[in-house]
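Okay, run-v2.txt now, which holds compact mmCIF, C-alpha atoms:
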```
# COMPACT_ATOMS: atom_id res chain seq x y z
CA MET F 1 0.00 0.00 0.00
CA ASN F 2 1.11 3.50 -0.72
CA PRO F 3 2.41 4.84 2.59
CA ARG F 4 0.94 8.30 1.91
CA LEU F 5 -2.45 6.76 1.29
CA ALA F 6 -2.14 4.73 4.45
CA ILE F 7 -1.32 7.86 6.48
CA ALA F 8 -4.22 9.67 4.90
CA CYS F 9 -6.52 6.79 5.75
CA VAL F 10 -5.31 6.70 9.35
CA LEU F 11 -5.69 10.47 9.70
CA GLY F 12 -9.13 10.34 8.08
CA LEU F 13 -10.22 7.54 10.39
CA ALA F 14 -8.85 9.41 13.37
CA GLY F 15 -10.63 12.57 12.21
CA LEU F 16 -13.86 10.60 12.04
CA LEU F 17 -13.51 8.55 15.22
CA LEU F 18 -12.26 11.36 17.46
CA PRO F 19 -15.34 13.61 17.07
CA LEU F 20 -17.56 10.52 17.25
CA GLY F 21 -15.87 9.42 20.44
CA LEU F 22 -16.03 12.89 21.94
CA VAL F 23 -19.73 13.31 21.08
CA THR F 24 -20.57 9.91 22.53
CA SER F 25 -18.48 10.54 25.63
CA TRP F 26 -19.98 14.01 26.26
CA GLN F 27 -23.46 12.63 25.76
CA GLY F 28 -22.75 9.84 28.21
CA GLN F 29 -21.45 12.30 30.80
CA ALA F 30 -24.44 14.59 30.29
CA HIS F 31 -26.78 11.64 30.70
CA ALA F 32 -25.04 10.63 33.93
CA ARG F 33 -25.30 14.18 35.27
CA LEU F 34 -28.99 14.29 34.37
CA LEU F 35 -29.66 11.01 36.19
CA GLU F 36 -27.70 12.28 39.18
CA ALA F 37 -29.67 15.52 39.25
CA GLU F 38 -32.98 13.67 38.98
CA ALA F 39 -32.01 11.27 41.76
CA SER F 40 -30.93 14.13 43.97
CA GLU F 41 -34.18 15.98 43.29
CA ALA F 42 -36.21 12.89 44.08
CA ALA F 43 -34.28 12.32 47.32
CA ASP F 44 -34.86 15.88 48.49
CA ALA F 45 -38.50 15.56 49.43
CA THR F 46 -38.67 19.06 50.98
CA PRO F 47 -40.82 21.19 48.67
CA THR F 48 -39.16 24.46 47.73
CA VAL F 49 -42.48 26.21 47.23
CA ALA F 50 -45.42 26.05 49.61
CA THR F 51 -48.61 24.40 48.43
CA ALA F 52 -51.95 26.17 48.66
CA ALA F 53 -53.76 25.14 51.83
CA GLU F 54 -56.56 26.22 54.10
CA ALA F 55 -55.79 28.24 57.20
CA ASP F 56 -55.11 26.57 60.53
CA GLU F 57 -54.82 29.03 63.39
CA GLN F 58 -53.24 28.53 66.78
CA TYR F 59 -56.60 28.60 68.57
CA CYS F 60 -57.48 25.29 66.90
CA THR F 61 -56.75 23.19 69.97
CA PRO F 62 -57.27 19.43 69.91
CA GLN F 63 -60.37 19.96 72.08
CA LEU F 64 -61.83 22.49 69.64
CA ARG F 65 -61.11 20.18 66.71
CA THR F 66 -62.88 17.33 68.48
CA ILE F 67 -65.96 19.44 69.13
CA LEU F 68 -65.91 20.78 65.61
CA ARG F 69 -65.65 17.33 64.12
CA ARG F 70 -68.58 16.11 66.24
CA VAL F 71 -70.75 19.11 65.43
CA LEU F 72 -69.90 19.11 61.73
CA THR F 73 -70.52 15.39 61.46
CA SER F 74 -73.86 15.75 63.20
CA CYS F 75 -74.69 18.63 60.88
CA GLY F 76 -73.92 16.54 57.82
CA LEU F 77 -71.03 18.77 56.72
CA ILE F 78 -68.48 16.00 57.11
CA GLY F 79 -69.00 12.47 55.87
CA GLY F 80 -72.66 13.00 55.25
CA SER F 81 -74.91 14.27 52.57
CA GLY F 82 -77.53 16.97 52.33
CA ARG F 83 -77.79 20.29 54.12
CA GLY F 84 -75.62 21.05 57.07
CA CYS F 85 -78.16 21.41 59.79
CA GLN F 86 -78.18 20.31 63.38
CA PRO F 87 -81.27 21.02 65.44
CA VAL F 88 -80.96 20.41 69.12
CA GLU F 89 -78.85 17.93 71.07
CA ALA F 90 -75.93 20.36 71.01
CA ARG F 91 -75.28 19.51 74.60
CA SER F 92 -74.84 15.83 73.84
CA VAL F 93 -72.81 16.54 70.70
CA ALA F 94 -70.49 18.92 72.48
CA THR F 95 -70.43 16.86 75.71
CA MET F 96 -69.50 19.88 77.77
CA GLN F 97 -71.00 22.63 79.86
CA GLY F 98 -72.47 25.60 78.02
CA GLU F 99 -69.84 28.00 79.41
CA ASP F 100 -67.04 25.76 78.15
CA PHE F 101 -68.74 25.44 74.78
CA ASN F 102 -68.95 29.23 74.47
CA ALA F 103 -65.35 29.65 75.61
CA LEU F 104 -64.19 27.68 72.58
CA PHE F 105 -65.46 30.47 70.37
CA LEU F 106 -63.83 33.36 72.22
CA PRO F 107 -60.65 33.38 70.08
CA MET F 108 -62.83 34.04 67.03
CA GLN F 109 -63.87 37.48 68.19
CA GLY F 110 -62.14 39.12 65.25
CA ARG F 111 -63.67 36.68 62.78
CA GLY F 112 -67.30 36.89 63.75
CA GLY F 113 -70.24 38.93 64.89
CA ILE F 114 -73.52 38.67 66.77
CA LEU F 115 -76.80 39.43 65.02
CA GLN F 116 -79.32 40.74 67.52
CA PHE F 117 -83.00 40.18 66.73
CA ASP F 118 -86.13 41.83 68.05
CA GLN F 119 -88.09 39.89 70.62
CA ALA F 120 -89.99 36.94 69.11
CA SER F 121 -88.68 37.85 65.66
CA SER F 122 -86.45 36.10 63.15
CA ASP F 123 -86.41 38.97 60.65
CA LEU F 124 -83.03 40.28 59.55
CA ASP F 125 -82.83 44.06 59.40
CA ALA F 126 -80.39 46.17 57.38
CA SER F 127 -77.71 46.20 60.09
CA ASP F 128 -77.93 42.40 60.42
CA LEU F 129 -77.52 41.95 56.66
CA GLN F 130 -74.57 44.31 56.60
CA LEU F 131 -72.84 42.41 59.40
CA ILE F 132 -73.50 38.99 57.82
CA ASP F 133 -72.15 40.17 54.47
CA ARG F 134 -69.06 41.71 56.01
CA VAL F 135 -68.22 38.66 58.11
CA PHE F 136 -69.01 36.13 55.37
CA ALA F 137 -67.01 37.97 52.71
CA ASP F 138 -63.99 38.07 55.04
CA ARG F 139 -63.52 34.33 54.82
CA ARG F 140 -59.77 34.18 54.16
CA GLY F 141 -58.60 30.58 54.57
CA ALA F 142 -61.37 29.41 56.87
CA SER F 143 -63.08 26.12 56.17
CA TYR F 144 -66.33 26.41 58.10
CA PHE F 145 -68.86 29.10 58.88
CA PHE F 146 -70.92 28.65 62.01
CA VAL F 147 -74.33 30.11 62.67
CA VAL F 148 -75.24 29.49 66.30
CA SER F 149 -78.62 30.93 67.15
CA ARG F 150 -80.32 31.37 70.47
CA ALA F 151 -83.44 32.77 72.10
CA SER F 152 -84.01 34.63 75.35
CA PRO F 153 -85.93 32.76 78.02
CA GLU F 154 -89.32 34.51 77.60
CA GLY F 155 -91.92 32.10 76.22
CA SER F 156 -91.94 28.31 76.17
CA THR F 157 -88.89 26.16 75.60
CA GLU F 158 -90.48 24.67 72.51
CA LEU F 159 -91.31 28.07 71.04
CA ASN F 160 -87.78 29.35 71.70
CA ARG F 161 -86.30 26.28 70.06
CA GLU F 162 -88.33 26.98 66.92
CA LEU F 163 -87.56 30.70 67.09
CA SER F 164 -83.83 30.06 67.23
CA ARG F 165 -84.17 27.62 64.35
CA ALA F 166 -85.96 30.29 62.30
CA ARG F 167 -83.16 32.74 63.10
CA ALA F 168 -80.48 30.32 61.91
CA GLU F 169 -82.39 29.55 58.75
CA ALA F 170 -82.94 33.24 58.03
CA VAL F 171 -79.16 33.69 58.00
CA MET F 172 -78.70 30.65 55.76
CA GLY F 173 -81.40 31.91 53.38
CA HIS F 174 -79.66 35.24 53.06
CA LEU F 175 -76.28 33.62 52.40
CA ARG F 176 -77.80 31.40 49.74
CA GLN F 177 -79.53 34.31 48.04
CA THR F 178 -76.57 36.69 48.18
CA PHE F 179 -73.44 34.66 47.56
CA HIS F 180 -74.51 31.92 45.12
CA ASP F 181 -71.77 29.68 46.45
CA PRO F 182 -72.18 26.11 45.16
CA GLU F 183 -70.35 24.77 48.21
CA LEU F 184 -72.43 26.63 50.77
CA ASP F 185 -73.99 23.49 52.18
CA GLN F 186 -70.57 22.03 52.87
CA GLN F 187 -69.34 25.19 54.58
CA VAL F 188 -72.14 26.45 56.78
CA GLY F 189 -73.06 24.69 59.99
CA LEU F 190 -76.28 25.71 61.71
CA LEU F 191 -76.86 25.15 65.40
CA TRP F 192 -79.99 26.36 67.10
CA LEU F 193 -79.87 26.22 70.83
CA GLY F 194 -83.11 27.89 71.89
CA GLU F 195 -82.89 28.96 75.51
CA GLU F 196 -81.65 25.56 76.62
CA TYR F 197 -77.92 25.51 76.22
CA ALA F 198 -74.87 27.76 76.19
CA GLN F 199 -76.54 31.12 76.69
CA LEU F 200 -74.14 33.96 75.96
CA ASP F 201 -72.71 35.88 78.90
CA PRO F 202 -71.64 39.56 78.96
CA THR F 203 -68.16 38.61 77.70
CA PHE F 204 -69.72 38.55 74.26
CA CYS F 205 -70.86 42.18 74.54
CA GLU F 206 -67.40 43.08 73.28
CA TRP F 207 -68.05 41.37 69.95
CA GLU F 208 -69.24 43.30 66.96
CA ARG F 209 -73.03 43.30 67.20
CA SER F 210 -75.83 44.46 64.98
CA GLY F 211 -78.91 46.26 66.24
CA GLU F 212 -78.87 48.78 69.02
CA ALA F 213 -75.25 49.06 70.03
CA GLY F 214 -76.01 49.84 73.66
CA ALA F 215 -78.44 46.99 74.26
CA CYS F 216 -76.45 44.19 75.81
CA GLU F 217 -78.53 42.80 78.60
CA PRO F 218 -78.56 38.98 78.70
CA ALA F 219 -81.96 38.95 76.95
CA ASP F 220 -80.72 41.18 74.12
CA LEU F 221 -77.55 39.18 73.73
CA ASN F 222 -79.37 35.86 73.45
CA ARG F 223 -82.05 36.93 70.97
CA SER F 224 -79.31 36.36 68.54
CA ALA F 225 -77.39 34.41 65.98
CA PHE F 226 -73.67 34.21 66.36
CA VAL F 227 -71.84 34.03 63.01
CA ALA F 228 -68.13 33.31 62.58
CA TRP F 229 -65.61 31.69 60.30
CA ILE F 230 -63.49 29.05 61.93
CA ASP F 231 -59.91 28.84 60.71
CA CYS F 232 -59.32 25.21 61.60
CA ARG F 233 -58.34 22.35 59.32
CA LEU F 234 -59.83 19.02 60.29
CA MET S 1 -18.86 12.93 6.44
CA PHE S 2 -16.66 14.37 9.21
CA VAL S 3 -19.51 16.63 10.29
CA GLY S 4 -22.42 14.38 9.35
CA ALA S 5 -21.23 11.35 11.31
CA PRO S 6 -20.95 13.11 14.72
CA VAL S 7 -24.25 14.87 14.11
CA ALA S 8 -25.91 11.57 13.27
CA ALA S 9 -24.35 9.98 16.35
CA TYR S 10 -25.63 12.81 18.52
CA ALA S 11 -29.11 12.62 17.02
CA ALA S 12 -29.24 8.86 17.50
CA ASN S 13 -28.33 9.12 21.20
CA ALA S 14 -30.05 12.39 21.99
CA PRO S 15 -32.10 12.19 25.19
CA ASP S 16 -35.88 12.22 24.89
CA PHE S 17 -36.92 15.51 26.46
CA ASP S 18 -40.56 14.88 25.69
CA ARG S 19 -40.88 12.93 28.91
CA PHE S 20 -40.23 16.17 30.84
CA VAL S 21 -43.14 17.94 29.16
CA GLY S 22 -46.09 17.71 31.47
CA ALA S 23 -44.05 16.13 34.25
CA CYS S 24 -44.90 18.90 36.68
CA GLY S 25 -48.38 17.80 37.60
CA THR S 26 -51.96 18.12 36.50
CA LEU S 27 -55.05 19.78 37.90
CA ALA S 28 -56.93 17.43 40.19
CA HIS S 29 -60.24 19.33 40.04
CA PRO S 30 -60.29 21.47 36.90
CA GLU S 31 -64.04 22.03 36.90
CA ASP S 32 -65.19 25.59 37.58
CA ALA S 33 -68.45 25.23 39.49
CA GLY S 34 -67.82 28.42 41.46
CA HIS S 35 -67.34 30.59 38.34
CA VAL S 36 -63.86 31.66 39.42
CA LEU S 37 -61.94 31.39 36.15
CA VAL S 38 -61.79 34.51 34.00
CA ALA S 39 -61.99 34.17 30.22
CA LEU S 40 -59.20 36.00 28.40
CA GLY S 41 -60.47 36.53 24.88
CA PRO S 42 -62.64 34.21 22.79
CA GLN S 43 -63.09 30.65 24.02
CA THR S 44 -63.43 29.02 20.62
CA GLN S 45 -60.31 26.83 20.47
CA PRO S 46 -60.45 23.32 21.94
CA THR S 47 -57.04 23.62 23.62
CA GLN S 48 -57.43 25.33 26.99
CA VAL S 49 -54.63 27.33 28.56
CA LEU S 50 -55.02 28.35 32.18
CA GLU S 51 -52.78 31.03 33.64
CA VAL S 52 -52.48 31.38 37.40
CA LEU S 53 -51.66 35.03 37.69
CA ASP S 54 -51.29 37.98 39.95
CA PRO S 55 -51.99 41.20 38.05
CA LEU S 56 -49.22 42.99 39.93
CA CYS S 57 -46.58 40.31 39.45
CA PRO S 58 -43.72 41.34 37.13
CA ALA S 59 -43.05 37.72 36.08
CA CYS S 60 -46.71 37.41 35.01
CA ARG S 61 -46.33 40.49 32.85
CA GLY S 62 -43.17 39.00 31.34
CA PHE S 63 -44.98 35.77 30.63
CA GLU S 64 -47.84 37.64 28.99
CA GLU S 65 -45.42 39.46 26.69
CA ARG S 66 -43.66 36.24 25.70
CA PHE S 67 -46.93 34.40 25.19
CA ALA S 68 -48.39 37.13 22.99
CA GLY S 69 -45.38 36.78 20.68
CA LEU S 70 -45.89 33.05 20.12
CA GLU S 71 -47.49 31.62 17.02
CA ALA S 72 -49.34 29.10 19.18
CA SER S 73 -51.06 31.86 21.16
CA SER S 74 -53.81 32.10 18.55
CA GLN S 75 -54.49 28.36 18.70
CA VAL S 76 -55.71 28.24 22.29
CA SER S 77 -58.53 29.47 24.50
CA ARG S 78 -57.11 31.26 27.52
CA ARG S 79 -58.49 31.61 31.02
CA ALA S 80 -56.98 33.04 34.18
CA LEU S 81 -57.14 32.08 37.82
CA LEU S 82 -56.46 35.13 39.96
CA PHE S 83 -53.96 34.38 42.69
CA PRO S 84 -52.89 37.71 44.23
CA LEU S 85 -49.76 37.42 46.35
CA ASP S 86 -51.13 39.93 48.83
CA SER S 87 -51.91 39.05 52.44
CA GLU S 88 -54.84 41.46 52.41
CA CYS S 89 -56.97 38.65 50.93
CA ASN S 90 -54.59 35.72 50.49
CA TRP S 91 -53.94 33.91 53.76
CA MET S 92 -51.27 31.75 52.11
CA VAL S 93 -48.74 34.59 52.12
CA ASP S 94 -47.63 36.32 55.30
CA ARG S 95 -47.16 39.80 53.83
CA PRO S 96 -48.29 41.90 50.89
CA ILE S 97 -45.67 40.70 48.40
CA HIS S 98 -47.53 42.63 45.69
CA ALA S 99 -49.41 45.28 47.66
CA GLY S 100 -52.72 46.17 46.03
CA ALA S 101 -53.05 42.90 44.10
CA CYS S 102 -56.26 41.94 45.94
CA ALA S 103 -58.10 45.12 44.93
CA VAL S 104 -56.89 44.84 41.33
CA SER S 105 -57.92 41.17 41.21
CA GLU S 106 -61.38 42.14 42.41
CA ALA S 107 -61.54 44.64 39.55
CA VAL S 108 -60.59 41.92 37.06
CA LEU S 109 -63.42 39.74 38.36
CA CYS S 110 -65.85 42.67 38.30
CA ALA S 111 -64.95 43.49 34.69
CA GLU S 112 -66.13 40.08 33.41
CA ASP S 113 -65.86 40.27 29.58
CA ASP S 114 -63.52 43.27 29.81
CA ALA S 115 -61.13 41.56 32.21
CA GLN S 116 -58.26 41.84 29.73
CA ASP S 117 -58.53 45.63 29.77
CA VAL S 118 -58.05 45.71 33.53
CA ILE S 119 -55.17 43.23 33.36
CA ALA S 120 -53.46 45.25 30.62
CA TRP S 121 -53.80 48.43 32.68
CA ALA S 122 -52.53 46.68 35.81
CA PHE S 123 -49.52 45.27 33.96
CA ALA S 124 -48.70 48.73 32.63
CA GLU S 125 -49.07 50.39 36.05
CA GLN S 126 -47.70 47.62 38.28
CA GLU S 127 -44.98 49.61 39.95
CA ALA S 128 -47.07 52.71 40.53
CA ILE S 129 -49.92 50.68 42.06
CA ARG S 130 -47.62 48.69 44.31
CA THR S 131 -45.69 51.72 45.50
CA ALA S 132 -48.84 53.75 46.19
CA THR S 133 -50.45 50.86 48.10
CA GLU S 134 -47.36 50.30 50.22
CA GLN S 135 -47.77 53.92 51.41
CA ASP S 136 -51.57 53.82 51.68
CA PRO S 137 -53.44 50.49 51.78
CA GLY S 138 -56.50 51.97 50.09
CA ALA S 139 -54.59 53.34 47.10
CA ALA S 140 -55.02 50.39 44.72
CA ALA S 141 -58.81 50.38 45.08
CA ARG S 142 -58.88 54.16 44.53
CA MET S 143 -56.72 53.91 41.41
CA VAL S 144 -58.93 51.13 40.01
CA ARG S 145 -62.09 53.16 40.64
CA GLN S 146 -60.56 56.20 39.01
CA GLN S 147 -59.46 54.26 35.93
CA PHE S 148 -62.63 52.14 35.63
CA PRO S 149 -65.55 54.13 37.10
CA ALA S 150 -68.02 51.47 35.99
CA LEU S 151 -66.40 49.01 38.39
CA ALA S 152 -66.39 51.37 41.38
CA GLU S 153 -69.40 49.86 43.10
CA CYS S 154 -68.33 46.27 42.54
CA VAL S 155 -64.73 46.54 43.79
CA GLY S 156 -64.67 45.83 47.53
CA SER S 157 -68.23 44.51 47.62
CA PRO S 158 -68.91 41.36 49.66
CA SER S 159 -69.90 39.35 46.60
CA VAL S 160 -66.68 40.00 44.66
CA ARG S 161 -64.58 39.47 47.76
CA ALA S 162 -66.31 36.11 48.23
CA ARG S 163 -65.68 35.25 44.58
CA LEU S 164 -61.99 36.09 44.87
CA ASN S 165 -61.87 33.92 47.96
CA ARG S 166 -63.41 31.08 45.96
CA ALA S 167 -60.66 31.56 43.36
CA LEU S 168 -58.05 31.16 46.08
CA ARG S 169 -59.86 28.10 47.38
CA TRP S 170 -59.86 26.65 43.87
CA ALA S 171 -56.07 26.81 44.16
CA VAL S 172 -56.34 24.94 47.47
CA SER S 173 -58.54 22.20 46.04
CA ASN S 174 -56.07 21.74 43.18
CA GLN S 175 -53.05 21.83 45.53
CA LEU S 176 -51.35 24.51 43.46
CA PRO S 177 -47.93 25.84 44.46
CA VAL S 178 -48.04 29.30 46.02
CA LEU S 179 -46.36 31.14 43.16
CA THR S 180 -47.15 33.04 39.99
CA PRO S 181 -47.24 32.68 37.08
CA GLN S 182 -48.23 29.07 36.52
CA VAL S 183 -49.45 27.78 33.20
CA TYR S 184 -51.57 24.73 32.46
CA VAL S 185 -52.34 23.39 29.00
CA ASN S 186 -55.41 21.17 29.07
CA ASP S 187 -54.90 20.74 32.81
CA THR S 188 -51.22 19.74 32.43
CA ARG S 189 -48.79 22.06 34.10
CA ILE S 190 -45.93 23.59 32.17
CA CYS S 191 -42.88 23.36 34.42
CA ASP S 192 -41.67 26.71 35.76
CA ALA S 193 -38.39 26.48 33.87
CA ASP S 194 -40.33 26.18 30.63
CA THR S 195 -42.46 29.28 31.07
CA ASP S 196 -39.41 31.32 30.09
CA LEU S 197 -37.13 30.53 27.14
CA GLY S 198 -38.57 27.05 26.62
CA LEU S 199 -42.16 28.24 26.37
CA ASP S 200 -42.39 28.05 22.60
CA TRP S 201 -40.91 24.54 22.46
CA THR S 202 -43.04 23.22 25.33
CA LEU S 203 -46.26 24.73 24.11
CA ALA S 204 -45.69 23.35 20.61
CA ARG S 205 -45.18 19.87 22.05
CA LEU S 206 -48.25 20.03 24.27
CA LEU S 207 -50.34 21.28 21.36
CA GLY S 208 -48.87 18.51 19.19
CA ARG S 209 -49.73 15.98 21.86
CA ARG S 210 -53.28 17.27 21.90
CA GLY S 211 -53.39 16.97 18.09
CA ALA S 212 -52.08 13.41 18.24
CA GLU S 213 -54.69 12.47 20.88
CA GLY S 214 -57.36 14.00 18.69
CA GLY S 215 -56.11 12.10 15.64
CA ALA S 216 -55.98 8.84 17.53
CA ARG S 217 -59.65 9.03 18.54
```

As structure tokens, the full file:
Amino acid sequence: MNPRLAIACVLGLAGLLLPLGLVTSWQGQAHARLLEAEASEAADATPTVATAAEADEQYCTPQLRTILRRVLTSCGLIGGSGRGCQPVEARSVATMQGEDFNALFLPMQGRGGILQFDQASSDLDASDLQLIDRVFADRRGASYFFVVSRASPEGSTELNRELSRARAEAVMGHLRQTFHDPELDQQVGLLWLGEEYAQLDPTFCEWERSGEAGACEPADLNRSAFVAWIDCRL
Amino acid sequence: MFVGAPVAAYAANAPDFDRFVGACGTLAHPEDAGHVLVALGPQTQPTQVLEVLDPLCPACRGFEERFAGLEASSQVSRRALLFPLDSECNWMVDRPIHAGACAVSEAVLCAEDDAQDVIAWAFAEQEAIRTATEQDPGAAARMVRQQFPALAECVGSPSVRARLNRALRWAVSNQLPVLTPQVYVNDTRICDADTDLGLDWTLARLLGRRGAEGGAR
């Protein structure tokens, strides 16, 4: 063979194989780095960006969560179907004294309000509607809205039970009409307590109230529906 | 030959990047029962693009500019989920990262069919709105009312505040990351890295995938 041709062939082969080898080698290294990066990413389970979630405030003690779960289950908001609505038996659902039940709601002062009704009435006036709208629209990350209605002790127990029920349902009717929220039934828990359980004490006079601002005798305070968002995740 | 052979070798061993397209998750509950998604332009194309945006977020404005320049932008129907990074209404952030974004988002929801006009104005005035609202929390709402008098009554009303809250809760039900912008094509998320320089390439592949699915039916 002509030595010059042989050299040319060798050089040509080298010129072909060298770039081929380099390309293959670089690709192999890049592939290894990619696998390494993927493995490292998979091993680092800590998310770098937070995920959207509902609010869960510090006042959500284990005791409050237990009560909430019981009440919401009884109301059909959790694990049930149909409207969230719990008539009486709050005492047995809560399994606690009325004062203790009310105390659970004290941290929600900034998230709620008290609608004060006229005696023997379940009609919502303009100041009630304004307060409901303001509180309901200020939902933030809360999961559940409670309407806890009561009646003052005048009249029969049975009548007061029905009156407090009518008050709770008046609030629900307004929410349904105003906010057109398809998930309303899964968010709003109604409790009507009549005059029988957990009457509000003067501590609650400090809450934002509708109606006559000065009127905060026990009777005024309990002709009412308490409305509040609860920022607890269950 | 000296060029062709290495190129052919590279092409033969090139990694398949297609597997990364759409590898950043999908929407678990894309339905919009609460009427929280805002239509951006005509909804006539079968391919749906959802943008999770904050009208006062500079990266969202950048995305919008890039997207408008793409050929594929005319082949999709676009909707937006408002996700203001402003603690005034968004409990998922601990401070007003984009002060005034809640009020501007309310205006976008109030504007309904004219939502794009409000978004365009907000993108143009981002810095002025944010700066003014950092000094005075009511400034963004005032600026919106001044610019869009027809929306004055709606902005700040309980019903629009509740609707914006539902939009944020839509993000919760879909477990979205707390960041903007995010882009979903037919419920498949475009990875964050691809919303920048790789947007054109990624979008073309997702649209192609959609076409292939359609052809296979």

Please check the contacts: residues of chain S at most 6 Å away from chain F, using all atoms listed in the file, listed as a compact mmCIF listing (two decimals) with C-alpha atoms, in the coordinates of the input.
```
# COMPACT_ATOMS: atom_id res chain seq x y z
CA PHE S 2 -16.66 14.37 9.21
CA PRO S 6 -20.95 13.11 14.72
CA TRP S 91 -53.94 33.91 53.76
CA PRO S 158 -68.91 41.36 49.66
CA SER S 159 -69.90 39.35 46.60
CA ARG S 161 -64.58 39.47 47.76
CA ALA S 162 -66.31 36.11 48.23
CA VAL S 172 -56.34 24.94 47.47
CA GLN S 175 -53.05 21.83 45.53
CA LEU S 176 -51.35 24.51 43.46
CA PRO S 177 -47.93 25.84 44.46
CA VAL S 178 -48.04 29.30 46.02
```

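Closest to F:Arg161 among F:Val188, F:Leu5, F:Leu193, F:Val147 is F:Leu193, based on all atoms listed in the file.
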
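Residues surrounding stretch 128-138 of chain S within 8 Å are Leu56, His98, Ala99, Gly100, Ala101, Ala122, Glu125, Ala141, Arg142 and Met143 of chain S [all atoms listed in the file; sequence separation below 3 positions excluded].
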
Skipping near chain neighbours, those fewer than 6 positions away, what residues fall within 8 Å of stretch 193-195 of chain S using only C-alpha atoms, listed as a PyMOL selection string?
-> chain S and resi 63+182-183+202

Quick one: residues within 9 Å of S:Gln75, all atoms listed in the file counted, chain neighbours fewer than 4 positions away excluded, as a ChimeraX atom specification?
-> /S:45-47,71,207

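When atom CA of S:Thr44 is paired with atom CA of S:Val21, their separation reads 24.6 Å.
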
Quote the spacing between atom CA of S:Val160 and atom CA of F:Trp229 in Å to one decimal place.
-> 17.7 Å

Excluding same-chain residues fewer than 5 positions from F:Tyr144, what lies within 8 Å of it counting all atoms listed in the file, as number ranges by chain?
-> F: 187-189, 229-232

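Relative to atom CA of F:Gln58, atom CA of F:Leu131 is found at 25.1 Å.
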
Within 12 Å of S:Gly69 using only C-alpha atoms, minus same-chain residues under 6 positions, as a list in words | Gly62, Phe63, Leu199 and Asp200 of chain S
